[in-house]
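Remarks on the structure that follows.
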Amino acid sequence: MSAPADPILTVEHLSMRFGGLVAVDDLSFAATRGHITALIGPNGAGKTTVFNCITGFYHPTVGMIRLAHADGTAFLLERLLDFRIAKLAHVARTFQNIRLFPGMTVLENLLVAQHNPLMKASGFTVLGLLGLAVYRRAEHAAIDRAKYWLDRVGLLRRADDPAGDLPYGEQRRVEIARAMCTDPVLLCLDEPAAGLNARESAELNELLLGMRAEHKTSILLIEHDMSVVMGISDRVVVLDYGVKIFDGTAADVRNDPKVIAAYLGVEDEEVEQAEAEVGL
Amino acid sequence: MSQAAETPARPAIDLLGAFKSGALAAIVAFGLFSLLIGVRTDQGPTGALELTPRLAVLGVLVAIAFVGGFVRALVPGERIDIGAYVPDALKTAGAQLGRFAGPALLLFALAEPVLFYHNRYVLDLGILVLTYVMLGWGLNIVVGLAGLLDLGYVAFYAVGAYSYALLAQNFGWSFWICLPVAGCLAACWGLMLGFPVLRLRGDYLAIVTLAFGEIIRLVLLNWQSLTGGPNGISSIPRPSFFGIPFVDEDNGFAATFGLEYSATHRIVFLYYLILALALLTNWVTLRLRRLPIGRAWEALREDEIACRSLGINTTTTKLTAFAMGAMFGGIAGSFFATRQGFISPESFTFSESALVLAIVVLGGMGSQLGVAIAAFAMLGGFELFRQFAQYRMLIFGLAMVLIMIWRPRGLVSTRTPSAFLGKPKEVPAEVVAEARR
């Protein structure tokens with residue numbers, strides 16, 4: 001598939017090695033602004049490593065990751081520290097194994113996500129300590145924003161409960177709401193449907209489609225649940241052993257022989273042929 | 001806790017098991033105490049060593065251990081959930097009482113100098129307790145909120161005390177100028193400790209902070225030309241009532257206000273001074289908890305990686321926590337210096353750090369009220385058992401063990417959320433990060 005006209009994220013020649021292990025090998029792909037791009041592949045294909053490179057938790061061995069805002073400002077993510085990627089480039093992420101603040105309430109979780117604007121409004125704590133109205137207004141606005149996102153994920157009634165007390169599926173939704181509270185241009189979701197039942201997955205699809213339509217959020221998605229991937233993705237990138245083996249539309253991915261080979265395995269004589277095509 | 005919920009019916013009493021557990025405790029106690037307590041060493045008339053067996057005392061201690069182990073094994077559950085044995089009516093009454101505990105303690109603290117005006121001993125004890133309340137609240141920022149285990153907190157106490165002593169003696173600065181300066185200097189040392197330990201957590205952090213506390217003490221001990229070494233610094237200027245000294249002269253406090261001179265005036269002033277400083281610490285902490293920086297501290301305790309994914313600069317967040325805690329420690333230190341009039345490295349040993357940390361842990365990490373109650377109970381308890389002399393620490397250790405069995409998360413173990421939409425409710429201790437470790 002050719003490069004998109006208006007990419008929000010361009011990954012070029014990304015490689016990540018851990019000692020002798022090549023987790024990601026010369027990966028290039030692009031995500032279109034306002035689209036949902038899915039990154040799929042069998043277990044251990046290097047999907048989460050790609051995410052960690054994009055969000056700064058790993059520093060890639062080789063490669064360039066470029067994020068472009070709608071106003072033309074561009075950031076080279078491989079050069080930024082993790083928290084600066086979230087703060088300046090506005091890339092938000094969720095985690096495969098949920099990372100909420102379990103001892104804090106759901107509302108507090110969403111307020112922590114608005115740390116940087118609130119910090120500015122509190123005059124880096126000084127004005128806030130004096131109890132000035134500037135900060136109180138900002139906090140009200142932050143609570144309203146948190147309420148909006150809690151309402152969107154259908155958890156307004158759990159706002160005052162400790163996040164650690166929520167059932168698994170609800171914790172996943174809180175994590176998405178928390179990420180959206182940082183006002184991201186690109187949202188990276190690491191297996192958001194893992195552990196959800198069919199009805200919950202359908203609700204997730206609706207939520208993500210709604211976010212794309214109303215908030216113009218571009219979404220990068222790692223997912224194993226094909227009902228989610230096929231239902232909402234505008235574009236699918238398939239990884240296997242750190243190598244890109246497919247890049248195209250959701251409709252085409254079903255019939256791609258390399259993808260089928262990667263997921264289901266092939267007859268012995270086909271293995272060599274398929275591996276030769278992939279370049280292994 | 002959850003175990004009790006799953007098995008509502010009490011399991012049958014296992015006498016044999018309880019007997020075994022009691023016997024085990026008795027054997028351990030015998031091994032520990034047989035030489036420590038079972039034999040007394042005396043100097044004989046010729047200077048030779050004489051051993052006097054004390055079998056009765058040893059027997060009593062071993063019996064106590066046996067009974068303790070026996071009873072402990074009879075009570076079901078991993079941890080003793082004391083709540084299960086308390087009737088509900090008493091619990092609601094307790095909750096009602098808990099709501100008034102804070103204001104009641106505050107009222108008592110305000111009224112103490114009036115109630116005990118003629119009792120110098122109680123006033124001095126009050127000042128001591130309040131000093132530790134302030135230290136506990138200061139350390140609570142680092143340990144309770146930010147979740148950074150600091151075993152060297154006494155270093156900042158020492159920095160504050162020596163800052164005040166040296167500035168006041170060498171430059172003649174007044175107490176009210178020295179106080180914030182000492183706080184700032186201690187905060188700087190907090191930052192200096194913070195930088196090297198940014199990547200450390202838990203046990204590793206504890207070891208480094210422990211070493212830091214010892215380094216500061218050893219520097220104070222050995223830098224003779226500046227600190228006077230083991231001799232310390234004496235005749236530190238006493239605080240004045242905003243410029244009016246507490247002396248029996250025409251320009252003194254008593255004469256200015258037309259009162260008869262009494263040494264108690266200064267004590268009462270010191271009492272209200274440390275009360276005000278402690279309340280300032282409390283007010284600032286409560287305020288900070290509702291500000292983004294305070295929420296970031298708590299988030300840091302809960303999950304550091306998630307913090308970074310949300311754009312929180314964990315470096316500055318940790319450093320501000322260290323600096324804040326250190327600042328209050330430093331201010332408490334300069335109060336200590338002006339109250340004592342004499343300081344030496346002896347006052348800043350590891351046992352002070354341990355005591356302050358014990359107050360925070362016993363009070364319930366992050367709970368302001370719990371820390372105040374714990375400081376009151378610990379230091380009050382110390383004084384109460386003063387008559388038992390050498391058994392004081394023994395009784396004290398036993399009390400700590402019992403409390404940690406009954407209330408493993410401290411006296412006040414719930415966490416109050418910093419923001420809520422509906423009715424405020426407490427977060428149970430089970431989900432808060434410190435408890436999950």
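Labels for the structure tokens follow display order: chains A, B, ..., residues from 1 in each chain, ligands from 1.
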
Excluding same-chain residues fewer than 3 positions from Val259 (chain A), what lies within 12 Å of it counting only C-alpha atoms, as a count of residues only?
29

Neighbouring residues of Ser15 (chain A) were defined as those with any atom within 6 Å, considering only C-alpha atoms; residues of the same chain fewer than 3 positions away were excluded. Please report them as a ChimeraX atom specification.
/A:24-26,61-62

Got a sec to tell me which of region 7-180 of chain B DSSP assigns to alpha helix (DSSP H), as a ChimeraX atom specification?
/B:15-36,55-74,88-115,120-140,154-171,175-180

Could you please take those selected residues and save C-alpha atoms as a compact mmCIF listing (two decimals), in the first residue's frame?
```txt
# COMPACT_ATOMS: atom_id res chain seq x y z
CA LEU B 15 -5.94 -27.67 69.99
CA LEU B 16 -3.05 -29.87 68.96
CA GLY B 17 -1.94 -27.41 66.26
CA ALA B 18 -2.22 -24.52 68.68
CA PHE B 19 -0.19 -26.51 71.23
CA LYS B 20 2.51 -27.14 68.61
CA SER B 21 2.64 -23.48 67.66
CA GLY B 22 2.85 -22.51 71.31
CA ALA B 23 5.65 -25.01 71.91
CA LEU B 24 7.54 -23.68 68.90
CA ALA B 25 7.25 -20.11 70.20
CA ALA B 26 8.41 -21.32 73.63
CA ILE B 27 11.47 -23.06 72.13
CA VAL B 28 12.43 -19.95 70.16
CA ALA B 29 11.93 -17.80 73.26
CA PHE B 30 14.05 -20.22 75.34
CA GLY B 31 16.83 -20.11 72.76
CA LEU B 32 16.76 -16.32 72.68
CA PHE B 33 16.44 -15.65 76.36
CA SER B 34 18.38 -18.54 77.95
CA LEU B 35 21.63 -16.60 78.01
CA LEU B 36 20.29 -13.06 77.66
CA LEU B 55 15.32 -19.47 86.15
CA ALA B 56 12.09 -17.92 87.41
CA VAL B 57 12.27 -14.89 85.10
CA LEU B 58 13.27 -17.12 82.19
CA GLY B 59 10.38 -19.47 82.95
CA VAL B 60 7.86 -16.63 82.99
CA LEU B 61 9.06 -15.27 79.64
CA VAL B 62 8.99 -18.70 78.00
CA ALA B 63 5.49 -19.26 79.40
CA ILE B 64 4.36 -15.91 77.98
CA ALA B 65 5.74 -16.88 74.57
CA PHE B 66 3.94 -20.24 74.78
CA VAL B 67 0.61 -18.61 75.62
CA GLY B 68 1.13 -16.03 72.86
CA GLY B 69 1.82 -18.69 70.24
CA PHE B 70 -1.07 -20.84 71.51
CA VAL B 71 -3.63 -18.03 71.38
CA ARG B 72 -2.35 -16.74 68.03
CA ALA B 73 -2.81 -20.19 66.46
CA LEU B 74 -6.37 -20.52 67.82
CA ASP B 88 -21.36 -3.18 64.54
CA ALA B 89 -22.84 -0.67 66.96
CA LEU B 90 -19.41 -0.14 68.48
CA LYS B 91 -17.93 0.23 64.99
CA THR B 92 -20.30 3.04 63.99
CA ALA B 93 -19.66 4.68 67.34
CA GLY B 94 -15.95 4.36 66.61
CA ALA B 95 -16.40 5.93 63.18
CA GLN B 96 -18.34 8.80 64.75
CA LEU B 97 -15.57 9.20 67.31
CA GLY B 98 -12.95 9.07 64.54
CA ARG B 99 -14.54 12.05 62.84
CA PHE B 100 -14.12 14.12 66.00
CA ALA B 101 -10.64 12.79 66.83
CA GLY B 102 -8.87 15.43 64.70
CA PRO B 103 -10.68 18.50 66.07
CA ALA B 104 -10.56 17.07 69.60
CA LEU B 105 -6.79 16.54 69.41
CA LEU B 106 -6.35 20.04 68.01
CA LEU B 107 -8.44 21.57 70.81
CA PHE B 108 -6.45 19.62 73.38
CA ALA B 109 -3.19 20.76 71.79
CA LEU B 110 -4.35 24.38 71.88
CA ALA B 111 -5.50 24.18 75.49
CA GLU B 112 -2.57 22.21 76.92
CA PRO B 113 -0.44 25.18 78.07
CA VAL B 114 -3.50 26.59 79.88
CA LEU B 115 -4.44 23.29 81.50
CA ARG B 120 6.72 22.06 83.34
CA TYR B 121 7.12 18.33 82.69
CA VAL B 122 3.87 18.06 80.69
CA LEU B 123 4.68 21.22 78.73
CA ASP B 124 8.11 19.88 77.79
CA LEU B 125 6.60 16.57 76.80
CA GLY B 126 4.03 18.41 74.69
CA ILE B 127 6.79 20.27 72.85
CA LEU B 128 8.64 17.00 72.26
CA VAL B 129 5.52 15.25 70.93
CA LEU B 130 4.71 18.16 68.62
CA THR B 131 8.27 18.18 67.28
CA TYR B 132 7.84 14.54 66.31
CA VAL B 133 4.37 15.20 64.92
CA MET B 134 5.94 17.79 62.64
CA LEU B 135 8.79 15.45 61.67
CA GLY B 136 6.26 12.67 61.02
CA TRP B 137 4.16 14.92 58.82
CA GLY B 138 7.27 16.03 56.95
CA LEU B 139 8.44 12.47 56.36
CA ASN B 140 4.89 11.51 55.44
CA VAL B 154 17.32 12.73 60.49
CA ALA B 155 19.97 14.19 58.15
CA PHE B 156 17.63 17.05 57.24
CA TYR B 157 16.73 17.54 60.89
CA ALA B 158 20.47 17.87 61.58
CA VAL B 159 21.03 20.23 58.65
CA GLY B 160 18.24 22.49 59.93
CA ALA B 161 19.55 22.45 63.50
CA TYR B 162 23.16 23.17 62.54
CA SER B 163 22.09 25.81 59.98
CA TYR B 164 20.25 27.72 62.67
CA ALA B 165 22.98 27.28 65.26
CA LEU B 166 25.79 28.40 62.95
CA LEU B 167 23.90 31.27 61.31
CA ALA B 168 22.64 32.61 64.61
CA GLN B 169 26.02 32.33 66.34
CA ASN B 170 28.31 33.51 63.57
CA PHE B 171 26.17 36.16 61.93
CA PHE B 175 15.37 33.20 64.67
CA TRP B 176 12.71 34.37 62.23
CA ILE B 177 15.26 34.88 59.44
CA CYS B 178 17.14 31.68 60.23
CA LEU B 179 14.00 29.53 60.22
CA PRO B 180 13.17 29.85 56.49
```

Rank nothing, just name the residue among B:Met327, B:Val39, B:Val427, B:Ile233 nearest to chain A, using only C-alpha atoms.
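The answer is B:Val427, which sits nearest to chain A.
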
Kindly provide, as a PyMOL selection string, the residues of chain B having any atom no farther than 9 Å from an atom of chain A, counting only C-alpha atoms.
chain B and resi 284+287-288+291-293+295-296+298-303+305-314+415+417-433

Convert the current residue selection to file output with N, CA and C atoms, as a compact mmCIF listing (two decimals), in the first residue's frame.
```
# COMPACT_ATOMS: atom_id res chain seq x y z
N VAL B 284 0.02 22.78 54.64
CA VAL B 284 0.68 22.72 53.33
C VAL B 284 0.49 21.34 52.71
N ARG B 287 -3.04 20.89 51.46
CA ARG B 287 -3.21 21.70 50.27
C ARG B 287 -2.55 21.03 49.06
N LEU B 288 -1.29 20.58 49.28
CA LEU B 288 -0.53 19.99 48.17
C LEU B 288 -1.22 18.74 47.64
N LEU B 291 -3.46 19.52 44.96
CA LEU B 291 -2.87 20.18 43.80
C LEU B 291 -2.27 19.11 42.88
N PRO B 292 -2.02 19.48 41.61
CA PRO B 292 -1.48 18.47 40.68
C PRO B 292 -0.19 17.82 41.20
N ILE B 293 0.66 18.58 41.88
CA ILE B 293 1.92 18.01 42.33
C ILE B 293 1.67 16.90 43.35
N ARG B 295 -1.08 15.06 43.63
CA ARG B 295 -1.65 13.90 42.94
C ARG B 295 -0.56 13.16 42.19
N ALA B 296 0.40 13.92 41.63
CA ALA B 296 1.49 13.27 40.90
C ALA B 296 2.33 12.45 41.88
N GLU B 298 1.29 10.90 44.59
CA GLU B 298 0.56 9.68 44.89
C GLU B 298 0.54 8.73 43.69
N ALA B 299 0.42 9.33 42.49
CA ALA B 299 0.43 8.51 41.28
C ALA B 299 1.79 7.82 41.13
N LEU B 300 2.84 8.54 41.51
CA LEU B 300 4.20 7.99 41.44
C LEU B 300 4.32 6.78 42.36
N ARG B 301 3.71 6.87 43.54
CA ARG B 301 3.72 5.75 44.47
C ARG B 301 2.96 4.56 43.88
N GLU B 302 1.88 4.86 43.14
CA GLU B 302 1.05 3.79 42.61
C GLU B 302 1.69 3.12 41.39
N ASP B 303 2.17 3.92 40.42
CA ASP B 303 2.74 3.33 39.21
C ASP B 303 3.58 4.37 38.48
N ILE B 305 5.59 3.98 35.80
CA ILE B 305 5.59 3.89 34.33
C ILE B 305 4.34 4.57 33.76
N ALA B 306 3.20 4.34 34.41
CA ALA B 306 1.97 4.99 33.96
C ALA B 306 2.11 6.50 34.05
N CYS B 307 2.78 6.98 35.10
CA CYS B 307 3.01 8.42 35.24
C CYS B 307 3.74 8.98 34.03
N ARG B 308 4.79 8.26 33.63
CA ARG B 308 5.58 8.77 32.50
C ARG B 308 4.76 8.74 31.22
N SER B 309 3.90 7.74 31.08
CA SER B 309 3.09 7.67 29.86
C SER B 309 2.07 8.80 29.81
N LEU B 310 1.83 9.46 30.96
CA LEU B 310 0.86 10.55 30.98
C LEU B 310 1.56 11.91 30.94
N GLY B 311 2.86 11.90 30.67
CA GLY B 311 3.57 13.16 30.52
C GLY B 311 4.02 13.80 31.81
N ILE B 312 4.09 13.01 32.89
CA ILE B 312 4.55 13.56 34.16
C ILE B 312 6.06 13.39 34.24
N ASN B 313 6.76 14.48 34.52
CA ASN B 313 8.21 14.42 34.67
C ASN B 313 8.51 13.80 36.04
N THR B 314 8.84 12.51 36.04
CA THR B 314 9.01 11.82 37.33
C THR B 314 10.24 12.33 38.08
N ARG B 415 -7.45 5.78 52.85
CA ARG B 415 -6.92 6.96 52.16
C ARG B 415 -8.09 7.83 51.75
N PRO B 417 -9.70 10.37 49.24
CA PRO B 417 -9.44 10.87 47.89
C PRO B 417 -9.31 12.39 47.88
N SER B 418 -8.55 12.90 46.90
CA SER B 418 -8.30 14.34 46.87
C SER B 418 -9.38 15.07 46.07
N ALA B 419 -10.23 14.34 45.37
CA ALA B 419 -11.31 14.98 44.62
C ALA B 419 -12.44 13.96 44.47
N PHE B 420 -13.67 14.42 44.46
CA PHE B 420 -14.77 13.49 44.28
C PHE B 420 -15.95 14.20 43.64
N LEU B 421 -16.80 13.41 42.99
CA LEU B 421 -17.99 13.99 42.35
C LEU B 421 -19.15 13.99 43.32
N GLY B 422 -19.35 12.84 43.99
CA GLY B 422 -20.49 12.71 44.88
C GLY B 422 -20.07 12.85 46.33
N LYS B 423 -20.56 11.91 47.15
CA LYS B 423 -20.22 11.94 48.57
C LYS B 423 -18.80 11.42 48.76
N PRO B 424 -18.00 12.12 49.58
CA PRO B 424 -16.64 11.61 49.80
C PRO B 424 -16.65 10.28 50.54
N LYS B 425 -15.85 9.34 50.07
CA LYS B 425 -15.70 8.10 50.79
C LYS B 425 -14.24 7.66 50.78
N GLU B 426 -13.87 6.90 51.79
CA GLU B 426 -12.47 6.52 51.97
C GLU B 426 -12.10 5.38 51.02
N VAL B 427 -10.84 5.35 50.63
CA VAL B 427 -10.33 4.23 49.85
C VAL B 427 -9.76 3.20 50.81
N PRO B 428 -10.22 1.95 50.77
CA PRO B 428 -9.69 0.96 51.70
C PRO B 428 -8.22 0.70 51.44
N ALA B 429 -7.52 0.30 52.52
CA ALA B 429 -6.07 0.18 52.44
C ALA B 429 -5.61 -0.89 51.47
N GLU B 430 -6.46 -1.89 51.23
CA GLU B 430 -6.01 -3.05 50.45
C GLU B 430 -5.54 -2.68 49.06
N VAL B 431 -6.14 -1.65 48.46
CA VAL B 431 -5.81 -1.34 47.07
C VAL B 431 -4.68 -0.32 46.95
N VAL B 432 -4.33 0.36 48.04
CA VAL B 432 -3.29 1.39 47.97
C VAL B 432 -1.93 0.72 47.84
N ALA B 433 -1.03 1.38 47.08
CA ALA B 433 0.22 0.73 46.66
C ALA B 433 1.05 0.17 47.80
```

Could you pull the residues within 12 Å of Glu260 (chain B), counting only C-alpha atoms, minus those fewer than 4 positions along the same chain, as a ChimeraX atom specification?
/B:246-250,252-256,264-265

Between CA of Val142 (chain B) and CA of Leu369 (chain B), distance in Å (one decimal)
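CA of Leu369 (chain B) lies 16.5 Å from CA of Val142 (chain B).
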
Write down as an MDAnalysis selection string the residues belonging to region 42-102 of chain A that are assigned strand (DSSP E) by DSSP computed on the backbone.
chainID A and resid 62:68 74:76 91:93

Tell me, as a ChimeraX atom specification, which residues lie within 12 Å of Leu14 (chain A), counting only C-alpha atoms; anything in the same chain fewer than 2 positions away does not count.
/A:10-12,16-17,22-30,46,49-54,58-66,77-78,242-244

Filtering to C-alpha atoms, could you give me those residues as an mmCIF file, in the first residue's frame?
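Contents of selection_36.cif, freshly written:
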```cif
data_model
loop_
_atom_site.group_PDB
_atom_site.id
_atom_site.type_symbol
_atom_site.label_atom_id
_atom_site.label_comp_id
_atom_site.auth_asym_id
_atom_site.auth_seq_id
_atom_site.Cartn_x
_atom_site.Cartn_y
_atom_site.Cartn_z
ATOM 1 C CA THR A 10 5.840 7.911 9.945
ATOM 2 C CA VAL A 11 8.066 5.060 11.066
ATOM 3 C CA GLU A 12 11.130 4.565 8.890
ATOM 4 C CA MET A 16 15.272 -2.623 17.890
ATOM 5 C CA ARG A 17 17.838 -5.141 19.137
ATOM 6 C CA VAL A 22 16.289 -8.611 16.829
ATOM 7 C CA ALA A 23 12.808 -7.711 18.082
ATOM 8 C CA VAL A 24 11.985 -5.308 15.268
ATOM 9 C CA ASP A 25 13.847 -5.449 11.974
ATOM 10 C CA ASP A 26 13.836 -2.530 9.534
ATOM 11 C CA LEU A 27 10.168 -1.707 9.934
ATOM 12 C CA SER A 28 8.633 1.131 7.937
ATOM 13 C CA PHE A 29 4.997 2.119 7.963
ATOM 14 C CA ALA A 30 2.837 5.196 8.220
ATOM 15 C CA GLY A 46 7.431 -7.293 18.200
ATOM 16 C CA THR A 49 8.273 -3.252 21.180
ATOM 17 C CA VAL A 50 7.180 -0.961 18.353
ATOM 18 C CA PHE A 51 4.780 0.747 20.770
ATOM 19 C CA ASN A 52 7.486 1.161 23.358
ATOM 20 C CA CYS A 53 9.741 2.743 20.738
ATOM 21 C CA ILE A 54 6.999 5.141 19.640
ATOM 22 C CA TYR A 58 12.670 2.067 24.498
ATOM 23 C CA HIS A 59 15.245 3.904 22.444
ATOM 24 C CA PRO A 60 15.331 2.268 19.013
ATOM 25 C CA THR A 61 18.676 0.924 17.836
ATOM 26 C CA VAL A 62 18.153 2.341 14.350
ATOM 27 C CA GLY A 63 15.394 4.288 12.670
ATOM 28 C CA MET A 64 13.293 7.401 12.655
ATOM 29 C CA ILE A 65 9.830 7.965 14.107
ATOM 30 C CA ARG A 66 8.236 11.205 12.979
ATOM 31 C CA LEU A 77 10.023 10.794 18.757
ATOM 32 C CA GLU A 78 13.161 8.659 18.933
ATOM 33 C CA GLY A 242 9.827 -8.220 13.808
ATOM 34 C CA VAL A 243 9.373 -7.991 10.039
ATOM 35 C CA LYS A 244 6.466 -6.359 8.240
#
```
